[in-house]
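Chemist: Here's a structure for you.
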Amino acid sequence: MNTLSCIETHIQKNHNHYGCFIIEPLEVGQGITLGNTLRRTLLSDLYGYGITGVRINNVKHEFAIIEGIREDVLELILNLKEVTFKGSAIKKNKKPKRFKGFLHLKGPMIVTAGLFQLPNKELTILNPSQYLCTIIDDSELYLEIDIENGKGYRLIEENRRRKIERAIFLKKPTTLFVDTVFVPIKHVNYKVKLIHDSYGNIKESLIFEIGTNGSFTPKRCIKEALKIILKLFYSLFLTETFFPISKLLKDETNELKK
């Protein structure tokens, strides 16, 4: 019987989570098949929260300079992309959740992610000390962000196509769209080792290493990935368009009776 075991897990200094898992025993050749499938699912099919757009004072484009701010717009956006959000569990086929966070500050001061005002009991910031920018004089900074849930990676063009600004938020100031990383996975590695079972037969052992941004634990991520894979293959098993399952099961039952 194949088993999935967690052999190591810990939280790193930057709040990222690390987990190491082992799946064994597998038949020779099954390790790389399962490893590739799990890795692709973890990187592309898990849901998370991310920033899709930002409005900064009266800035009209990403190449502008913000008066009184040490960083330019591009640097500020890059710092915003490092902010990690944790929210309620996201169920597939549910309507996407969209939130708005903002801050309004007067300098001089250092601005961090923990200063954002977010919807109560809906979202939390896991790295509130994440640096955003520095106000070097008594200038004011108004920063508003659009937060949405999704999966995988979404480019700026797709965020524009979804017309988030027109559908939800005010037309002014101009929304600067952002490439959004929703997936909570930071990195995934796996390796396959040859082992022997209790009967001396050659088997394979799949060792999986998962790093997350802290919004979900590695154990939760690998369980969700396995659910997605199982749901995919189970739906194929029930499909009778090309291979009538009921007929195959009936034929198999007749063979056993013989």
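Each chain in the structure tokens gets a letter, A, B, ..., in the order shown, and its residues are numbered from 1; ligands are numbered from 1 in order too.
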Can you check which parts of region 37-139 of chain A lie within 12 Å of region 209-217 of chain A? Per residue, the shortest pair of atoms and distance in Å to one decimal, counting only C-alpha atoms, sorted by chain and number, as a Markdown table.

Modeler:
```
| residue | atom | partner | partner_atom | distance |
| --- | --- | --- | --- | --- |
| A:Leu38 | CA | A:Ile210 | CA | 10.8 |
| A:Arg39 | CA | A:Ile210 | CA | 9.3 |
| A:Leu42 | CA | A:Ile210 | CA | 9.1 |
| A:Leu43 | CA | A:Ile210 | CA | 10.5 |
| A:Leu46 | CA | A:Phe216 | CA | 10.1 |
| A:Tyr47 | CA | A:Phe216 | CA | 10.0 |
| A:Gly48 | CA | A:Ser215 | CA | 7.9 |
| A:Tyr49 | CA | A:Ser215 | CA | 8.9 |
| A:Gly50 | CA | A:Ser215 | CA | 11.1 |
| A:Glu82 | CA | A:Asn213 | CA | 9.7 |
| A:Val83 | CA | A:Asn213 | CA | 9.7 |
| A:Thr84 | CA | A:Asn213 | CA | 7.0 |
| A:Phe85 | CA | A:Ser215 | CA | 6.6 |
| A:Lys86 | CA | A:Ser215 | CA | 5.0 |
| A:Gly87 | CA | A:Ser215 | CA | 8.0 |
| A:Ser88 | CA | A:Ser215 | CA | 10.2 |
| A:Ala89 | CA | A:Phe216 | CA | 9.8 |
| A:Ile90 | CA | A:Phe216 | CA | 11.6 |
| A:Leu123 | CA | A:Ser215 | CA | 10.7 |
| A:Thr124 | CA | A:Ser215 | CA | 9.5 |
| A:Ile125 | CA | A:Ser215 | CA | 9.2 |
| A:Leu126 | CA | A:Gly214 | CA | 7.2 |
| A:Asn127 | CA | A:Gly214 | CA | 9.2 |
```

Chemist: Can you list, as a PyMOL selection string, every residue of region 92-153 of chain A that DSSP puts in strand (DSSP E or B)?

Modeler: chain A and resi 98-106+109-112+117+123-125+131-135+140-151+153

Chemist: For region 150-156 of chain A, work out the shell of residues within 7 Å, counting only C-alpha atoms and skipping chain neighbours fewer than 2 positions away, then give it as a list in words.

Modeler: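 Answer for this query is Leu43, Ser44, Asp45, Leu46, Tyr47, Gly48, Tyr49, Glu148, Glu158, Asn159, Arg160, Phe177, Val178, Asp179, Thr180, Val181, Phe182 and Val183 of chain A.
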
Chemist: Could you tell me which of A:Thr175, A:Tyr234, A:Leu4, A:Phe102 comes closest to Lys60 (chain A) if we count only C-alpha atoms?

Modeler: A:Thr175

Chemist: If you run DSSP on the backbone here, which positions in region 14-257 of chain A get helix (DSSP H, G or I)? Please write them as number ranges by chain.

Modeler: A: 30-44, 73-80, 113-115, 156-161, 164-168, 218-238, 245-257

Chemist: Of the residues A:Ser129, A:Ser198, A:Thr134, A:Thr37, which is the one nearest to Gly68 (chain A), using only C-alpha atoms?

Modeler: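 Of all the options, A:Thr134 lies closest to Gly68 (chain A).
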